[in-house]
Amino acid sequence: MTNQKRGKGQTALVTGASMGIGVDLAECFARDGYDLILTARTEPALKAVADRLSKTYGVKAAIIPEDIGKPGGGAALAAKIKAKKLSVDVLVNNAGYGNAAPFHESQLETELGMVDLNDRVLVELTHIYWPAMLKAGRGGVLNVASTAAFQPGPFMAVYYASKAFVLSFSEALWEEANGTGVHVSCLCPGPTVSEFRARAGTGKMRLAKSAAAVPSMPVAQAGYDAFQANRRVLVTGARNAFQAGLVKFLPRPMLLKAVRGLQSPA
Ligand SMILES: NC(=O)c1ccc[n+]([C@@H]2O[C@H](COP(=O)([O-])OP(=O)(O)OC[C@H]3O[C@@H](n4cnc5c(N)ncnc54)[C@H](OP(=O)(O)O)[C@@H]3O)[C@@H](O)[C@H]2O)c1
């Protein structure tokens, strides 16, 4: 009987793999035998992750530092991957950031940069690798959205909308891939320990005080398992899943007031 690992002979491209959830997602794929292509902007951090995972799991781990949030960032990354003669079987669109501020106080550059990273490049990379996945009838896309995807988010309006986009796009592709052997999953974490909150400035909000952040590895593992099971959407944590289900039934004005309260300073 062979004891071959599931990912043997396949490569997973993980965006945002220098820190946080992306590092743990990369580890889940490496543990199962996938070779890795890791990308983010911070080269030393990427190198440390690649060295650790390749040593621990005996997989190949290439790093490609790139600011994929820049226009054309996805194509630039794909060109570098091609130049290294690497292929992508699984695409993990994890890189993303948020910005906590009333919209009128936000910087346009920050808000548009969020759309570029959270949505535009996710579509760009998926568009680049999707046809080959369908042709091969294997692999797929694991997109990282958020529990923010399920309702509008006053005082973090663009972030919530950007994640609603990721959820909608992922579900549509899941249906398009139905029966092809290609998997599509949308991971929707709640508050998770990472650099996200400090970078987004959400620490002062009531939400940050009311919901403790959970460690990132169980979140990543749940997302990995969902991807392997071709589960369309996975909301991590029972309370998050309950809330994501509940919001469909709340009158919109009531929901907006509730989210406004959670997103306000404590
Ligand atoms: N943590 C949470 O509470 C939470 C909850 C729900 C959803 N999420 C989502 O989970 C995903 C991962 O976030 P995280 O919590 O792990 O946050 P994080 O610790 O801030 O990590 C974000 C990753 O994205 C990379 N990144 C940021 N801007 C980039 C750019 N322009 N080009 C390339 N890479 C870039 C960062 O690397 P560099 O800075 O080195 O480029 C880093 O590797 C995000 O999509 C986030 O929206 C997080």
# chains A, B, ... in the order shown; residues from 1 in each chain; ligands from 1
call {"tool": "select_by_dssp", "arguments": {"residues": "segment 152-256 of chain A", "states": "helix (DSSP H, G or I)", "output": "ChimeraX atom specification"}}
result
/A:157-176,196-200,206-210,216-228,238-249,252-256
call {"tool": "residues_near_ligand", "arguments": {"ligand": "ligand 1", "cutoff": "6 Å", "atoms": "only C-alpha atoms and all ligand atoms", "output": "list of chain:residue names"}}
result
A:Gly16, A:Ala17, A:Ser18, A:Met19, A:Gly20, A:Ile21, A:Gly22, A:Ala40, A:Arg41, A:Thr42, A:Glu66, A:Asp67, A:Ile68, A:Gly69, A:Asn94, A:Ala95, A:Gly96, A:Tyr97, A:Val144, A:Ala145, A:Ser146, A:Pro189, A:Gly190, A:Pro191, A:Thr192, A:Val193, A:Ser194, A:Glu195, A:Phe196
call {"tool": "write_last_selection", "arguments": {"atoms": "C-alpha atoms", "output": "PDB file, in the first residue's frame"}}
result
ATOM      1  CA  GLY A  16       0.292  37.002   1.909  1.00  0.00           C
ATOM      2  CA  ALA A  17       2.572  34.218   3.130  1.00  0.00           C
ATOM      3  CA  SER A  18       5.036  36.358   5.106  1.00  0.00           C
ATOM      4  CA  MET A  19       2.944  36.460   8.294  1.00  0.00           C
ATOM      5  CA  GLY A  20      -0.422  35.648   9.833  1.00  0.00           C
ATOM      6  CA  ILE A  21      -2.991  33.247   8.400  1.00  0.00           C
ATOM      7  CA  GLY A  22      -1.067  32.880   5.120  1.00  0.00           C
ATOM      8  CA  ALA A  40       4.247  38.928  -0.098  1.00  0.00           C
ATOM      9  CA  ARG A  41       6.316  42.112   0.013  1.00  0.00           C
ATOM     10  CA  THR A  42       8.665  41.288   2.912  1.00  0.00           C
ATOM     11  CA  GLU A  66       6.084  41.169  -4.974  1.00  0.00           C
ATOM     12  CA  ASP A  67       3.706  44.006  -4.235  1.00  0.00           C
ATOM     13  CA  ILE A  68       0.708  42.341  -5.837  1.00  0.00           C
ATOM     14  CA  GLY A  69      -1.537  45.218  -4.795  1.00  0.00           C
ATOM     15  CA  ASN A  94      -5.020  35.206   1.162  1.00  0.00           C
ATOM     16  CA  ALA A  95      -3.256  38.607   1.024  1.00  0.00           C
ATOM     17  CA  GLY A  96      -5.477  41.391   2.223  1.00  0.00           C
ATOM     18  CA  TYR A  97      -5.822  44.337   4.562  1.00  0.00           C
ATOM     19  CA  VAL A 144      -9.819  34.137   2.147  1.00  0.00           C
ATOM     20  CA  ALA A 145     -12.787  36.419   2.776  1.00  0.00           C
ATOM     21  CA  SER A 146     -14.044  37.190   6.302  1.00  0.00           C
ATOM     22  CA  PRO A 189     -12.557  33.812   9.507  1.00  0.00           C
ATOM     23  CA  GLY A 190     -13.723  35.915  12.417  1.00  0.00           C
ATOM     24  CA  PRO A 191     -11.197  37.870  14.504  1.00  0.00           C
ATOM     25  CA  THR A 192      -7.900  35.968  14.298  1.00  0.00           C
ATOM     26  CA  VAL A 193      -4.491  36.613  15.874  1.00  0.00           C
ATOM     27  CA  SER A 194      -2.252  38.250  13.234  1.00  0.00           C
ATOM     28  CA  GLU A 195      -0.922  41.662  12.243  1.00  0.00           C
ATOM     29  CA  PHE A 196      -4.271  42.429  10.606  1.00  0.00           C
TER      30      PHE A 196
END
call {"tool": "closest_residue", "arguments": {"among": "A:Met205, A:Val158, A:Leu91, A:Met133", "to": "Gln107 of chain A", "atoms": "only C-alpha atoms"}}
result
A:Val158
call {"tool": "closest_residue", "arguments": {"among": "A:Lys204, A:Arg232, A:Lys84, A:Arg120", "to": "Ser168 of chain A", "atoms": "only C-alpha atoms"}}
result
A:Arg232
call {"tool": "closest_residue", "arguments": {"among": "A:Cys188, A:Leu36, A:Leu108, A:Val49", "to": "Thr11 of chain A", "atoms": "only C-alpha atoms"}}
result
A:Leu36
call {"tool": "residues_around", "arguments": {"residues": "segment 148-152 of chain A", "least_positions_apart": "2", "cutoff": "9 Å", "atoms": "only C-alpha atoms", "output": "PyMOL selection string"}}
result
chain A and resi 145-146+154+156-168+188-190+244-245+247-248+252+255-256+259
call {"tool": "residues_around", "arguments": {"residues": "Ser170 of chain A", "least_positions_apart": "4", "cutoff": "9 Å", "atoms": "only C-alpha atoms", "output": "PyMOL selection string"}}
result
chain A and resi 141-143+165-166+174-175+184-186+232-233
call {"tool": "write_last_selection", "arguments": {"atoms": "C-alpha atoms", "output": "PDB file, in the first residue's frame"}}
result
ATOM      1  CA  VAL A 141      -8.758  28.142  -5.528  1.00  0.00           C
ATOM      2  CA  LEU A 142      -8.977  28.863  -1.821  1.00  0.00           C
ATOM      3  CA  ASN A 143     -10.046  32.449  -1.232  1.00  0.00           C
ATOM      4  CA  PHE A 165     -17.099  40.557  -3.347  1.00  0.00           C
ATOM      5  CA  VAL A 166     -14.713  37.701  -2.495  1.00  0.00           C
ATOM      6  CA  TRP A 174     -17.625  26.981  -7.126  1.00  0.00           C
ATOM      7  CA  GLU A 175     -20.765  26.461  -9.185  1.00  0.00           C
ATOM      8  CA  VAL A 184     -13.250  26.297  -4.830  1.00  0.00           C
ATOM      9  CA  SER A 185     -13.635  27.304  -1.205  1.00  0.00           C
ATOM     10  CA  CYS A 186     -14.155  30.595   0.553  1.00  0.00           C
ATOM     11  CA  ARG A 232     -18.169  26.182  -0.838  1.00  0.00           C
ATOM     12  CA  VAL A 233     -18.006  28.454   2.220  1.00  0.00           C
TER      13      VAL A 233
END
call {"tool": "residues_around", "arguments": {"residues": "Asp116 of chain A", "least_positions_apart": "3", "cutoff": "8 Å", "atoms": "only C-alpha atoms", "output": "list in words"}}
result
Gly69, Lys70, Pro71, Leu112, Gly113, Asp119, Arg120 and Val121 of chain A
call {"tool": "closest_residue", "arguments": {"among": "A:Ala222, A:Val59, A:Ala238, A:Leu46", "to": "Arg31 of chain A", "atoms": "only C-alpha atoms"}}
result
A:Val59
call {"tool": "atom_distance", "arguments": {"atom1": "atom CA of Leu117 of chain A", "atom2": "atom CA of Lys257 of chain A"}}
result
28.1 Å
call {"tool": "select_by_dssp", "arguments": {"residues": "segment 37-194 of chain A", "states": "strand (DSSP E or B)", "output": "PyMOL selection string"}}
result
chain A and resi 37-40+61-65+90-93+140-144+183-188+192
call {"tool": "residues_around", "arguments": {"residues": "Gly203 of chain A", "least_positions_apart": "2", "cutoff": "12 Å", "atoms": "only C-alpha atoms", "output": "list of chain:residue names"}}
result
A:Asn99, A:Ala100, A:Ala101, A:Pro191, A:Val193, A:Glu195, A:Phe196, A:Arg197, A:Ala198, A:Arg199, A:Ala200, A:Gly201, A:Met205, A:Arg206, A:Leu207, A:Ala208, A:Lys209, A:Ser210, A:Ala211, A:Ala212, A:Ala213, A:Leu262, A:Gln263, A:Ser264, A:Pro265, A:Ala266
call {"tool": "atom_distance", "arguments": {"atom1": "atom CA of Phe169 of chain A", "atom2": "atom CA of Thr15 of chain A"}}
result
17.6 Å
call {"tool": "residues_around", "arguments": {"residues": "Lys60 of chain A", "least_positions_apart": "6", "cutoff": "10 Å", "atoms": "only C-alpha atoms", "output": "list of chain:residue names"}}
result
A:Thr11, A:Ala30, A:Gly33, A:Tyr34, A:Asp35, A:Leu36, A:Ile37, A:Ala50, A:Asp51, A:Leu53, A:Ser54
call {"tool": "atom_distance", "arguments": {"atom1": "atom CA of Glu43 of chain A", "atom2": "atom CA of Trp130 of chain A"}}
result
26.9 Å
call {"tool": "closest_residue", "arguments": {"among": "A:Lys135, A:Arg239, A:Arg231, A:Lys85", "to": "Leu187 of chain A", "atoms": "only C-alpha atoms"}}
result
A:Arg231
